[in-house]
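Visitor: See entry.cif below, with mmCIF, C-alpha atoms.
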data_final
loop_
_atom_site.group_PDB
_atom_site.id
_atom_site.type_symbol
_atom_site.label_atom_id
_atom_site.label_comp_id
_atom_site.auth_asym_id
_atom_site.auth_seq_id
_atom_site.Cartn_x
_atom_site.Cartn_y
_atom_site.Cartn_z
ATOM 1 C CA MET A 1 -4.622 8.178 -0.727
ATOM 2 C CA THR A 2 -3.248 8.702 2.779
ATOM 3 C CA ASN A 3 -4.932 6.663 5.495
ATOM 4 C CA HIS A 4 -6.066 8.379 8.684
ATOM 5 C CA VAL A 5 -5.495 6.143 11.710
ATOM 6 C CA THR A 6 -6.543 6.737 15.318
ATOM 7 C CA ILE A 7 -5.063 4.566 18.046
ATOM 8 C CA VAL A 8 -6.908 4.063 21.325
ATOM 9 C CA GLY A 9 -4.319 2.468 23.553
ATOM 10 C CA SER A 10 -1.453 2.247 25.945
ATOM 11 C CA LEU A 11 1.580 4.422 26.602
ATOM 12 C CA ASN A 12 4.410 2.827 28.596
ATOM 13 C CA VAL A 13 7.959 3.716 29.485
ATOM 14 C CA ASP A 14 9.925 0.566 28.609
ATOM 15 C CA THR A 15 12.910 -0.550 30.650
ATOM 16 C CA THR A 16 14.753 -3.232 28.698
ATOM 17 C CA MET A 17 17.416 -5.431 30.263
ATOM 18 C CA LYS A 18 19.431 -7.604 27.902
ATOM 19 C CA VAL A 19 20.433 -10.969 29.378
ATOM 20 C CA LYS A 20 22.377 -13.942 28.091
ATOM 21 C CA ARG A 21 19.440 -16.206 28.918
ATOM 22 C CA MET A 22 16.218 -16.011 30.885
ATOM 23 C CA PRO A 23 16.607 -16.626 34.645
ATOM 24 C CA LEU A 24 15.184 -19.783 36.166
ATOM 25 C CA PRO A 25 12.629 -19.495 39.017
ATOM 26 C CA GLY A 26 14.414 -18.172 42.093
ATOM 27 C CA GLU A 27 17.588 -17.411 40.156
ATOM 28 C CA THR A 28 19.390 -14.061 40.018
ATOM 29 C CA ILE A 29 21.515 -13.278 36.963
ATOM 30 C CA ALA A 30 23.394 -10.194 35.779
ATOM 31 C CA ALA A 31 21.951 -8.010 32.994
ATOM 32 C CA LEU A 32 24.293 -7.219 30.118
ATOM 33 C CA SER A 33 22.735 -3.793 29.484
ATOM 34 C CA LYS A 34 19.789 -1.574 30.409
ATOM 35 C CA THR A 35 17.876 1.000 28.340
ATOM 36 C CA ASN A 36 14.810 3.187 28.858
ATOM 37 C CA ALA A 37 12.597 4.136 25.918
ATOM 38 C CA ALA A 38 9.041 5.027 24.968
ATOM 39 C CA GLY A 39 6.798 2.036 24.321
ATOM 40 C CA GLY A 40 3.462 0.398 25.009
ATOM 41 C CA LYS A 41 1.428 -1.440 22.403
ATOM 42 C CA GLY A 42 -0.580 1.655 21.551
ATOM 43 C CA ALA A 43 2.443 3.907 21.151
ATOM 44 C CA ASN A 44 4.298 1.302 19.085
ATOM 45 C CA GLN A 45 1.362 0.876 16.719
ATOM 46 C CA ALA A 46 0.873 4.621 16.381
ATOM 47 C CA VAL A 47 4.528 5.247 15.529
ATOM 48 C CA ALA A 48 4.514 2.347 13.058
ATOM 49 C CA ALA A 49 1.477 3.812 11.308
ATOM 50 C CA ALA A 50 2.922 7.342 11.275
ATOM 51 C CA ARG A 51 6.353 6.291 10.015
ATOM 52 C CA SER A 52 4.644 4.431 7.190
ATOM 53 C CA GLY A 53 2.857 7.595 6.116
ATOM 54 C CA ALA A 54 -0.523 7.474 7.852
ATOM 55 C CA GLU A 55 -2.029 10.593 9.388
ATOM 56 C CA THR A 56 -2.072 9.306 12.962
ATOM 57 C CA ALA A 57 -3.822 10.445 16.139
ATOM 58 C CA PHE A 58 -3.690 8.996 19.640
ATOM 59 C CA VAL A 59 -6.295 8.606 22.385
ATOM 60 C CA GLY A 60 -4.825 7.592 25.736
ATOM 61 C CA GLN A 61 -3.629 8.674 29.136
ATOM 62 C CA VAL A 62 -0.333 9.282 30.938
ATOM 63 C CA GLY A 63 0.623 10.376 34.419
ATOM 64 C CA ASP A 64 1.707 13.861 35.419
ATOM 65 C CA ASP A 65 5.347 12.814 35.562
ATOM 66 C CA ALA A 66 8.577 12.717 33.592
ATOM 67 C CA GLY A 67 7.574 9.479 31.889
ATOM 68 C CA GLY A 68 4.324 11.006 30.659
ATOM 69 C CA LYS A 69 6.097 14.042 29.257
ATOM 70 C CA MET A 70 8.582 11.767 27.490
ATOM 71 C CA MET A 71 5.802 9.700 25.934
ATOM 72 C CA ILE A 72 3.952 12.743 24.584
ATOM 73 C CA ASN A 73 7.139 14.320 23.224
ATOM 74 C CA ASP A 74 8.210 11.097 21.522
ATOM 75 C CA LEU A 75 4.845 10.759 19.792
ATOM 76 C CA LYS A 76 4.912 14.399 18.699
ATOM 77 C CA ASN A 77 8.402 13.883 17.301
ATOM 78 C CA ASN A 78 6.964 11.044 15.219
ATOM 79 C CA ASN A 79 4.177 13.225 13.791
ATOM 80 C CA VAL A 80 1.437 11.704 15.942
ATOM 81 C CA ASP A 81 -1.415 14.027 16.988
ATOM 82 C CA THR A 82 -1.372 13.928 20.806
ATOM 83 C CA THR A 83 -4.331 16.212 21.531
ATOM 84 C CA GLY A 84 -6.344 13.134 22.563
ATOM 85 C CA ILE A 85 -3.877 12.199 25.322
ATOM 86 C CA HIS A 86 -5.057 13.120 28.820
ATOM 87 C CA VAL A 87 -2.785 13.690 31.826
ATOM 88 C CA ASP A 88 -3.841 11.947 35.046
ATOM 89 C CA ASP A 89 -2.463 13.694 38.138
ATOM 90 C CA GLN A 90 -3.442 10.799 40.403
ATOM 91 C CA THR A 91 -1.785 7.807 38.705
ATOM 92 C CA GLY A 92 1.696 7.387 37.237
ATOM 93 C CA THR A 93 2.494 6.698 33.602
ATOM 94 C CA GLY A 94 2.392 3.045 32.598
ATOM 95 C CA SER A 95 5.629 1.129 32.421
ATOM 96 C CA ALA A 96 7.041 -2.179 31.237
ATOM 97 C CA ALA A 97 10.048 -4.231 32.343
ATOM 98 C CA ILE A 98 11.432 -6.259 29.447
ATOM 99 C CA LEU A 99 13.926 -9.106 29.652
ATOM 100 C CA LEU A 100 15.561 -9.744 26.285
ATOM 101 C CA ASP A 101 17.792 -12.766 25.710
ATOM 102 C CA GLU A 102 20.514 -13.290 23.111
ATOM 103 C CA SER A 103 18.155 -15.090 20.719
ATOM 104 C CA GLY A 104 15.882 -12.043 20.541
ATOM 105 C CA GLN A 105 13.066 -13.545 22.620
ATOM 106 C CA ASN A 106 11.564 -11.512 25.427
ATOM 107 C CA SER A 107 9.556 -11.714 28.633
ATOM 108 C CA ILE A 108 7.582 -8.626 29.625
ATOM 109 C CA LEU A 109 6.008 -7.356 32.850
ATOM 110 C CA VAL A 110 3.570 -4.454 32.417
ATOM 111 C CA TYR A 111 2.330 -1.938 34.992
ATOM 112 C CA GLY A 112 -0.827 -0.371 33.587
ATOM 113 C CA GLY A 113 -0.775 2.851 35.599
ATOM 114 C CA ALA A 114 -2.625 5.707 33.890
ATOM 115 C CA ASN A 115 -3.500 3.422 30.973
ATOM 116 C CA GLN A 116 -5.937 1.572 33.216
ATOM 117 C CA GLN A 117 -7.658 4.829 34.167
ATOM 118 C CA LEU A 118 -8.641 5.651 30.577
ATOM 119 C CA SER A 119 -12.412 6.087 30.681
ATOM 120 C CA VAL A 120 -15.382 6.660 28.425
ATOM 121 C CA LYS A 121 -15.113 10.396 29.174
ATOM 122 C CA GLU A 122 -11.629 10.664 27.650
ATOM 123 C CA VAL A 123 -12.839 8.759 24.606
ATOM 124 C CA GLU A 124 -15.844 11.068 24.227
ATOM 125 C CA ASP A 125 -13.487 14.039 24.377
ATOM 126 C CA ALA A 126 -11.628 12.543 21.387
ATOM 127 C CA ARG A 127 -14.756 12.007 19.305
ATOM 128 C CA ASP A 128 -13.471 14.203 16.472
ATOM 129 C CA GLN A 129 -10.213 12.248 16.092
ATOM 130 C CA ILE A 130 -12.144 8.975 16.021
ATOM 131 C CA ALA A 131 -14.781 10.161 13.572
ATOM 132 C CA ALA A 132 -12.161 11.533 11.151
ATOM 133 C CA ALA A 133 -10.250 8.235 10.868
ATOM 134 C CA ASP A 134 -10.272 5.512 8.249
ATOM 135 C CA PHE A 135 -9.272 2.997 10.921
ATOM 136 C CA VAL A 136 -9.514 2.979 14.712
ATOM 137 C CA ILE A 137 -7.158 0.509 16.396
ATOM 138 C CA ALA A 138 -7.294 -0.712 19.990
ATOM 139 C CA GLN A 139 -5.566 -3.291 22.191
ATOM 140 C CA PHE A 140 -6.191 -4.688 25.681
ATOM 141 C CA GLU A 141 -3.715 -2.610 27.681
ATOM 142 C CA THR A 142 -6.536 -0.113 28.328
ATOM 143 C CA PRO A 143 -10.054 -0.826 29.707
ATOM 144 C CA GLN A 144 -12.506 -2.511 27.350
ATOM 145 C CA GLU A 145 -15.220 -0.033 28.343
ATOM 146 C CA ALA A 146 -13.199 2.767 26.754
ATOM 147 C CA THR A 147 -12.511 0.684 23.646
ATOM 148 C CA LEU A 148 -16.184 -0.225 23.323
ATOM 149 C CA ARG A 149 -17.173 3.453 23.320
ATOM 150 C CA ALA A 150 -14.456 4.271 20.795
ATOM 151 C CA PHE A 151 -15.698 1.525 18.476
ATOM 152 C CA GLN A 152 -19.301 2.704 18.888
ATOM 153 C CA ILE A 153 -18.291 6.211 17.833
ATOM 154 C CA ALA A 154 -16.302 4.737 14.948
ATOM 155 C CA LYS A 155 -19.250 2.728 13.645
ATOM 156 C CA GLU A 156 -21.564 5.738 13.982
ATOM 157 C CA ASN A 157 -19.226 7.532 11.577
ATOM 158 C CA GLY A 158 -18.479 4.733 9.090
ATOM 159 C CA VAL A 159 -14.954 4.136 10.438
ATOM 160 C CA LYS A 160 -13.416 0.648 10.251
ATOM 161 C CA THR A 161 -12.274 -0.896 13.534
ATOM 162 C CA ILE A 162 -9.237 -3.095 14.193
ATOM 163 C CA LEU A 163 -8.854 -5.005 17.459
ATOM 164 C CA ASN A 164 -5.526 -6.407 18.613
ATOM 165 C CA PRO A 165 -6.638 -8.649 21.521
ATOM 166 C CA ALA A 166 -3.357 -8.510 23.412
ATOM 167 C CA PRO A 167 -2.808 -9.430 26.121
ATOM 168 C CA ALA A 168 -5.548 -12.014 25.557
ATOM 169 C CA HIS A 169 -8.378 -12.326 28.062
ATOM 170 C CA GLU A 170 -12.155 -12.493 28.043
ATOM 171 C CA ILE A 171 -13.707 -10.092 25.516
ATOM 172 C CA ASN A 172 -16.961 -8.214 25.886
ATOM 173 C CA PRO A 173 -19.203 -9.800 23.195
ATOM 174 C CA ASP A 174 -20.530 -6.357 22.266
ATOM 175 C CA LEU A 175 -16.996 -5.248 21.417
ATOM 176 C CA LEU A 176 -16.494 -8.130 19.012
ATOM 177 C CA LYS A 177 -19.720 -7.244 17.211
ATOM 178 C CA LEU A 178 -18.264 -3.793 16.521
ATOM 179 C CA THR A 179 -14.903 -5.151 15.289
ATOM 180 C CA ASP A 180 -14.269 -5.196 11.540
ATOM 181 C CA LEU A 181 -10.842 -6.884 11.720
ATOM 182 C CA ILE A 182 -9.278 -8.812 14.593
ATOM 183 C CA ILE A 183 -5.511 -9.440 14.662
ATOM 184 C CA PRO A 184 -4.345 -11.928 17.328
ATOM 185 C CA ASN A 185 -1.167 -13.965 17.291
ATOM 186 C CA GLU A 186 -1.553 -17.749 17.358
ATOM 187 C CA THR A 187 -1.452 -17.914 21.176
ATOM 188 C CA GLU A 188 -4.043 -15.171 21.606
ATOM 189 C CA SER A 189 -6.252 -16.753 18.955
ATOM 190 C CA ALA A 190 -6.177 -20.096 20.780
ATOM 191 C CA ALA A 191 -6.964 -18.408 24.103
ATOM 192 C CA LEU A 192 -10.017 -16.699 22.620
ATOM 193 C CA THR A 193 -11.410 -19.525 20.496
ATOM 194 C CA GLY A 194 -10.153 -22.659 22.243
ATOM 195 C CA ILE A 195 -8.684 -23.843 18.920
ATOM 196 C CA ILE A 196 -4.936 -24.492 18.917
ATOM 197 C CA ILE A 197 -3.254 -23.223 15.746
ATOM 198 C CA THR A 198 -1.392 -26.062 14.046
ATOM 199 C CA ASP A 199 -2.239 -25.879 10.336
ATOM 200 C CA GLU A 200 -4.513 -24.290 7.735
ATOM 201 C CA THR A 201 -7.516 -26.316 8.890
ATOM 202 C CA SER A 202 -7.200 -25.034 12.459
ATOM 203 C CA MET A 203 -6.816 -21.486 11.132
ATOM 204 C CA LEU A 204 -10.013 -21.801 9.081
ATOM 205 C CA MET A 205 -11.790 -23.241 12.119
ATOM 206 C CA SER A 206 -10.599 -20.241 14.115
ATOM 207 C CA ALA A 207 -11.900 -17.877 11.440
ATOM 208 C CA ALA A 208 -15.290 -19.595 11.579
ATOM 209 C CA LYS A 209 -15.314 -19.295 15.368
ATOM 210 C CA PHE A 210 -14.481 -15.585 15.257
ATOM 211 C CA ALA A 211 -17.242 -15.121 12.647
ATOM 212 C CA GLN A 212 -19.692 -16.754 15.051
ATOM 213 C CA MET A 213 -18.517 -14.261 17.673
ATOM 214 C CA GLY A 214 -19.219 -11.383 15.285
ATOM 215 C CA VAL A 215 -15.886 -10.685 13.556
ATOM 216 C CA ARG A 216 -15.790 -11.612 9.879
ATOM 217 C CA ASN A 217 -12.245 -10.506 9.018
ATOM 218 C CA LEU A 218 -9.238 -12.112 10.678
ATOM 219 C CA ILE A 219 -5.444 -12.009 10.547
ATOM 220 C CA ILE A 220 -3.523 -14.468 12.731
ATOM 221 C CA THR A 221 0.169 -13.654 13.005
ATOM 222 C CA VAL A 222 2.355 -16.721 13.465
ATOM 223 C CA GLY A 223 5.700 -15.242 14.475
ATOM 224 C CA ALA A 224 8.565 -15.945 12.107
ATOM 225 C CA LYS A 225 6.378 -18.229 9.981
ATOM 226 C CA GLY A 226 4.065 -15.554 8.585
ATOM 227 C CA ALA A 227 0.429 -14.502 8.759
ATOM 228 C CA PHE A 228 -2.906 -16.100 7.871
ATOM 229 C CA TYR A 229 -5.827 -13.980 6.773
ATOM 230 C CA CYS A 230 -9.461 -14.778 6.181
ATOM 231 C CA THR A 231 -12.031 -12.283 4.906
ATOM 232 C CA GLN A 232 -15.403 -12.636 3.278
ATOM 233 C CA ASP A 233 -13.574 -12.626 -0.080
ATOM 234 C CA GLY A 234 -11.076 -15.406 0.610
ATOM 235 C CA TYR A 235 -8.135 -16.603 2.677
ATOM 236 C CA ASN A 236 -4.419 -17.321 2.366
ATOM 237 C CA PHE A 237 -1.215 -17.754 4.357
ATOM 238 C CA ILE A 238 1.539 -15.226 3.616
ATOM 239 C CA PRO A 239 5.043 -16.443 4.583
ATOM 240 C CA ALA A 240 7.238 -14.105 6.614
ATOM 241 C CA PHE A 241 10.607 -12.763 5.488
ATOM 242 C CA LYS A 242 13.554 -14.684 6.927
ATOM 243 C CA VAL A 243 15.868 -12.491 9.016
ATOM 244 C CA ASN A 244 18.115 -12.799 12.063
ATOM 245 C CA ALA A 245 16.055 -11.343 14.912
ATOM 246 C CA VAL A 246 17.777 -9.522 17.751
ATOM 247 C CA ASP A 247 14.679 -8.086 19.501
ATOM 248 C CA THR A 248 11.077 -9.144 18.824
ATOM 249 C CA THR A 249 9.505 -6.697 21.299
ATOM 250 C CA ALA A 250 7.714 -4.484 18.750
ATOM 251 C CA ALA A 251 7.269 -7.049 15.960
ATOM 252 C CA GLY A 252 3.510 -7.492 16.268
ATOM 253 C CA ASP A 253 2.835 -3.812 16.910
ATOM 254 C CA THR A 254 4.924 -2.791 13.904
ATOM 255 C CA PHE A 255 2.952 -5.244 11.780
ATOM 256 C CA ILE A 256 -0.398 -3.806 12.861
ATOM 257 C CA GLY A 257 0.574 -0.149 12.576
ATOM 258 C CA ALA A 258 2.238 -0.618 9.202
ATOM 259 C CA LEU A 259 -0.726 -2.648 7.948
ATOM 260 C CA SER A 260 -3.160 0.118 8.880
ATOM 261 C CA SER A 261 -1.163 2.637 6.863
ATOM 262 C CA GLN A 262 -1.556 0.626 3.648
ATOM 263 C CA LEU A 263 -4.828 -1.310 4.000
ATOM 264 C CA LYS A 264 -7.838 -0.005 2.073
ATOM 265 C CA PRO A 265 -10.974 0.352 4.216
ATOM 266 C CA ASP A 266 -12.721 -2.258 2.039
ATOM 267 C CA MET A 267 -9.739 -4.599 2.626
ATOM 268 C CA SER A 268 -9.516 -5.342 -1.089
ATOM 269 C CA ASN A 269 -5.688 -5.096 -0.955
ATOM 270 C CA ILE A 270 -5.224 -7.147 2.202
ATOM 271 C CA GLU A 271 -2.515 -9.434 0.764
ATOM 272 C CA LYS A 272 -0.429 -6.504 -0.454
ATOM 273 C CA ALA A 273 -0.873 -4.724 2.885
ATOM 274 C CA ILE A 274 0.177 -7.851 4.809
ATOM 275 C CA VAL A 275 3.338 -8.231 2.715
ATOM 276 C CA TYR A 276 4.221 -4.594 3.422
ATOM 277 C CA ALA A 277 3.520 -5.048 7.142
ATOM 278 C CA GLN A 278 5.633 -8.201 7.293
ATOM 279 C CA ARG A 279 8.517 -6.401 5.640
ATOM 280 C CA ALA A 280 8.233 -3.593 8.207
ATOM 281 C CA SER A 281 8.135 -6.109 11.045
ATOM 282 C CA SER A 282 11.149 -7.980 9.659
ATOM 283 C CA LEU A 283 13.146 -4.739 9.770
ATOM 284 C CA ALA A 284 12.001 -3.918 13.305
ATOM 285 C CA VAL A 285 13.186 -7.215 14.805
ATOM 286 C CA GLN A 286 16.706 -6.634 13.505
ATOM 287 C CA LYS A 287 17.212 -3.667 15.862
ATOM 288 C CA LEU A 288 17.071 -3.221 19.627
ATOM 289 C CA GLY A 289 14.215 -1.413 21.336
ATOM 290 C CA ALA A 290 10.551 -0.898 20.540
ATOM 291 C CA LEU A 291 10.035 2.580 19.066
ATOM 292 C CA PRO A 292 13.661 2.980 17.911
ATOM 293 C CA SER A 293 13.410 -0.170 15.777
ATOM 294 C CA ILE A 294 10.273 0.728 13.818
ATOM 295 C CA PRO A 295 11.105 1.512 10.159
ATOM 296 C CA THR A 296 9.867 4.321 7.916
ATOM 297 C CA TYR A 297 7.988 3.866 4.658
ATOM 298 C CA ASP A 298 11.123 4.619 2.643
ATOM 299 C CA GLU A 299 13.097 2.005 4.582
ATOM 300 C CA VAL A 300 10.424 -0.626 3.963
ATOM 301 C CA VAL A 301 10.274 0.174 0.251
ATOM 302 C CA ALA A 302 14.079 0.099 -0.036
ATOM 303 C CA ALA A 303 14.232 -3.278 1.716
ATOM 304 C CA SER A 304 11.556 -4.616 -0.631
ATOM 305 C CA LYS A 305 13.575 -3.561 -3.675
ATOM 306 C CA ASN A 306 16.737 -5.180 -2.334
ATOM 307 C CA ASN A 307 15.151 -8.600 -1.881
#
If you took the structure in this file and wrote it as structure tokens, what would it be?

Guide:
Amino acid sequence: MTNHVTIVGSLNVDTTMKVKRMPLPGETIAALSKTNAAGGKGANQAVAAARSGAETAFVGQVGDDAGGKMMINDLKNNNVDTTGIHVDDQTGTGSAAILLDESGQNSILVYGGANQQLSVKEVEDARDQIAAADFVIAQFETPQEATLRAFQIAKENGVKTILNPAPAHEINPDLLKLTDLIIPNETESAALTGIIITDETSMLMSAAKFAQMGVRNLIITVGAKGAFYCTQDGYNFIPAFKVNAVDTTAAGDTFIGALSSQLKPDMSNIEKAIVYAQRASSLAVQKLGALPSIPTYDEVVAASKNN
């Protein structure tokens, strides 16, 4: 069965500068290269879901500018339904400046732009796309008020909700109560729960804390080490695939989008879906760029057969 996934999220034009190493405070260094490409956590997750076979729709906002047109065209070219994307003629399209060093690590500055103007009205206009989904996914690069309304509509229609709390900051408690699955990385998890991730015990403590906050299903991604999950049916840590990373920019977003394409709404296949998502993420980090690095379903399957 093909999953239907609706993303409520951000659309950014990424400018990536590759550097030998990160500059020190006050230091100026030369960039080795510069590229511009479509990105944003929402766009990355949508493309990851679509390339892995999910019927994918997007709810978001861009500016009335060249960057906005590029974002919409890139999503359309990746078979993402863009009818839920509004054009704001007052605010420019969001953008991100990415510094990428030779080890594949990055530092990112984000300008929210039109993403931060996404309102409850735009979400209401996309009610049909939300109600028709198996999963609705949101992040924190758009206002929580808009996400809250999207999750309310989702729950009214029996749709499962996935929250990627990135970048991490204070969460509206009502939003957590409407979240079926939360997917932070270890840093975001610690910021939200106050529990530093060091081992399985700390992960289980984090799961208990999130349950107290209203979310009973959790996946914590731990970079190159793997991912921990805890649901009402059990928990486990799934090791990551070992690869030589050249760009980790879209690793987490690829994981989430790919996961949503394979996960059953009852989460009964969560381990299998995590393994698939980790394989997709491992392929993404071996290429430069965000959207350009995200693999297709066939590429993930082929890589799985070869290892």

Visitor: Which is closest to A:Asn244 among A:Glu102, A:Asp14, A:Asp74, A:Glu55, if we use all atoms listed in the file?

Guide: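 Among the listed residues, the smallest separation from A:Asn244 belongs to A:Glu102.
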
Visitor: Would you pick out the contacts of A:Ile294 at 7 Å or less, using all atoms listed in the file, so that residues sharing its chain but fewer than 5 positions from it are not included, and give the list as a ChimeraX atom specification?

Guide: /A:48,254,284

Visitor: Counting all atoms listed in the file, which residues come within 9 Å of (-1.3, -9.6, 11.1), with the point read in the file's coordinates, and could you list them as a PyMOL selection string?

Guide: chain A and resi 182-185+218-222+226-229+252+255-256+259+274+277-278

Visitor: Which residues, written as an mmCIF file with C-alpha atoms, keeping the file's coordinate frame, have at least one atom at most 7 Å from A:Tyr297, with all atoms listed in the file counted and residues fewer than 5 positions away on the same chain left out?

Guide:
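Wrote around-v1.cif, looks like this:
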data_model
loop_
_atom_site.group_PDB
_atom_site.id
_atom_site.type_symbol
_atom_site.label_atom_id
_atom_site.label_comp_id
_atom_site.auth_asym_id
_atom_site.auth_seq_id
_atom_site.Cartn_x
_atom_site.Cartn_y
_atom_site.Cartn_z
ATOM 1 C CA ARG A 51 6.353 6.291 10.015
ATOM 2 C CA SER A 52 4.644 4.431 7.190
ATOM 3 C CA GLY A 53 2.857 7.595 6.116
#

Visitor: If the PyMOL selection byres ((chain A and resi 188) around 9) is run on the structure shown, which residues does it catch, given as a list in words?

Guide: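 On this input, the PyMOL selection byres ((chain A and resi 188) around 9) captures Pro165, Ala166, Pro167, Ala168, His169, Pro184, Asn185, Glu186, Thr187, Ser189, Ala190, Ala191, Leu192, Thr193 and Ile220 of chain A.
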
Visitor: Write a file of the just-selected residues containing C-alpha atoms, as a JSON list (two decimals), in the frame of the given file.

Guide:
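File out.json, as written:
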[["chain", "number", "residue", "atom", "x", "y", "z"],
["A", 165, "PRO", "CA", -6.64, -8.65, 21.52],
["A", 166, "ALA", "CA", -3.36, -8.51, 23.41],
["A", 167, "PRO", "CA", -2.81, -9.43, 26.12],
["A", 168, "ALA", "CA", -5.55, -12.01, 25.56],
["A", 169, "HIS", "CA", -8.38, -12.33, 28.06],
["A", 184, "PRO", "CA", -4.34, -11.93, 17.33],
["A", 185, "ASN", "CA", -1.17, -13.96, 17.29],
["A", 186, "GLU", "CA", -1.55, -17.75, 17.36],
["A", 187, "THR", "CA", -1.45, -17.91, 21.18],
["A", 189, "SER", "CA", -6.25, -16.75, 18.95],
["A", 190, "ALA", "CA", -6.18, -20.10, 20.78],
["A", 191, "ALA", "CA", -6.96, -18.41, 24.10],
["A", 192, "LEU", "CA", -10.02, -16.70, 22.62],
["A", 193, "THR", "CA", -11.41, -19.52, 20.50],
["A", 220, "ILE", "CA", -3.52, -14.47, 12.73]]

Visitor: Could you jot down the atom CA of A:Phe140 to atom CA of A:Gly112 separation for me, Å, one decimal place?

Guide: 10.5 Å

Visitor: Leaving out A:Asp174 and any residue of its chain fewer than 4 positions from it, which residues lie within 9 Å of it when counting all atoms listed in the file, given as number ranges by chain?

Guide: A: 148, 178, 214

Visitor: Per residue of stretch 28-49 of chain A within 9 Å of stretch 58-68 of chain A, what are the shortest atom pair and its distance in Å to one decimal, counting all atoms listed in the file, with rows by chain and residue number, as a Markdown table?

Guide:
| residue | atom | partner | partner_atom | distance |
| --- | --- | --- | --- | --- |
| A:Ala38 | CA | A:Gly67 | CA | 8.4 |
| A:Gly42 | CA | A:Phe58 | CA | 8.2 |
| A:Ala43 | CA | A:Phe58 | CA | 8.1 |
| A:Ala46 | CA | A:Phe58 | CA | 7.1 |

Visitor: Pick from A:Glu156, A:Asp247, A:Glu122, A:Glu170: nearest to A:Met17, with all atoms listed in the file counted?

Guide: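 The shortest atom-to-atom distance to A:Met17 comes from A:Asp247.
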
Visitor: Can you measure atom CA of A:Asp266 to atom CA of A:Asp128 for me? One decimal in Å is fine.

Guide: 21.9 Å

Visitor: Run through the PyMOL selection byres ((chain A and resi 115) around 7) on the given coordinates and return the selected residues as a ChimeraX atom specification.

Guide: /A:10-11,60-62,94,112-114,116-118,141-142

Visitor: To one decimal in Å, tell me the separation between atom CA of A:Asp134 and atom CA of A:Leu175.

Guide: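 For atom CA of A:Asp134 relative to atom CA of A:Leu175, the distance reads 18.3 Å.
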
Visitor: Name all residues at most 9 Å from A:Val120 (count all atoms listed in the file; drop same-chain ones fewer than 2 positions away) and give them as a PyMOL selection string.

Guide: chain A and resi 118+122-125+145-150

Visitor: Show me as a PyMOL selection string the residues that reach within 7 Å of (17.9, 1.2, 26.4), counting all atoms listed in the file and using the file's own coordinates.

Guide: chain A and resi 15-16+34-37+289

Visitor: I need the residue set behind the PyMOL selection byres ((chain A and resi 157) around 12) for this file; please write it as a tab-separated table (two decimals) with C-alpha atoms, in the frame of the given file.

Guide:
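Final output, saved to out.tsv:
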chain	number	residue	atom	x	y	z
A	127	ARG	CA	-14.76	12.01	19.30
A	128	ASP	CA	-13.47	14.20	16.47
A	129	GLN	CA	-10.21	12.25	16.09
A	130	ILE	CA	-12.14	8.98	16.02
A	131	ALA	CA	-14.78	10.16	13.57
A	132	ALA	CA	-12.16	11.53	11.15
A	133	ALA	CA	-10.25	8.24	10.87
A	134	ASP	CA	-10.27	5.51	8.25
A	135	PHE	CA	-9.27	3.00	10.92
A	136	VAL	CA	-9.51	2.98	14.71
A	150	ALA	CA	-14.46	4.27	20.80
A	151	PHE	CA	-15.70	1.52	18.48
A	152	GLN	CA	-19.30	2.70	18.89
A	153	ILE	CA	-18.29	6.21	17.83
A	154	ALA	CA	-16.30	4.74	14.95
A	155	LYS	CA	-19.25	2.73	13.64
A	156	GLU	CA	-21.56	5.74	13.98
A	158	GLY	CA	-18.48	4.73	9.09
A	159	VAL	CA	-14.95	4.14	10.44
A	160	LYS	CA	-13.42	0.65	10.25
A	161	THR	CA	-12.27	-0.90	13.53

Visitor: Excluding A:Arg21 and its own-chain neighbours fewer than 3 positions away, which residues fall within 12 Å of it when counting only C-alpha atoms? Please give them as a VMD selection string.

Guide: chain A and resid 17 to 18 24 27 to 32 99 to 107

Visitor: Give the centre and edge lengths of an axis-aligned box, in Å to one decimal, that holds all listed atoms of stretch 14-23 of chain A with 6 Å on each side, as JSON.

Guide:
{"center_x": 16.2, "center_y": -8.0, "center_z": 31.3, "size_x": 24.5, "size_y": 29.2, "size_z": 18.7}

Visitor: I'd like to know which of A:Leu288, A:Ile238, A:Val13, A:Met267 is closest to A:Ala251, using all atoms listed in the file.

Guide: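 Using all atoms listed in the file, the shortest distance to A:Ala251 belongs to A:Leu288.
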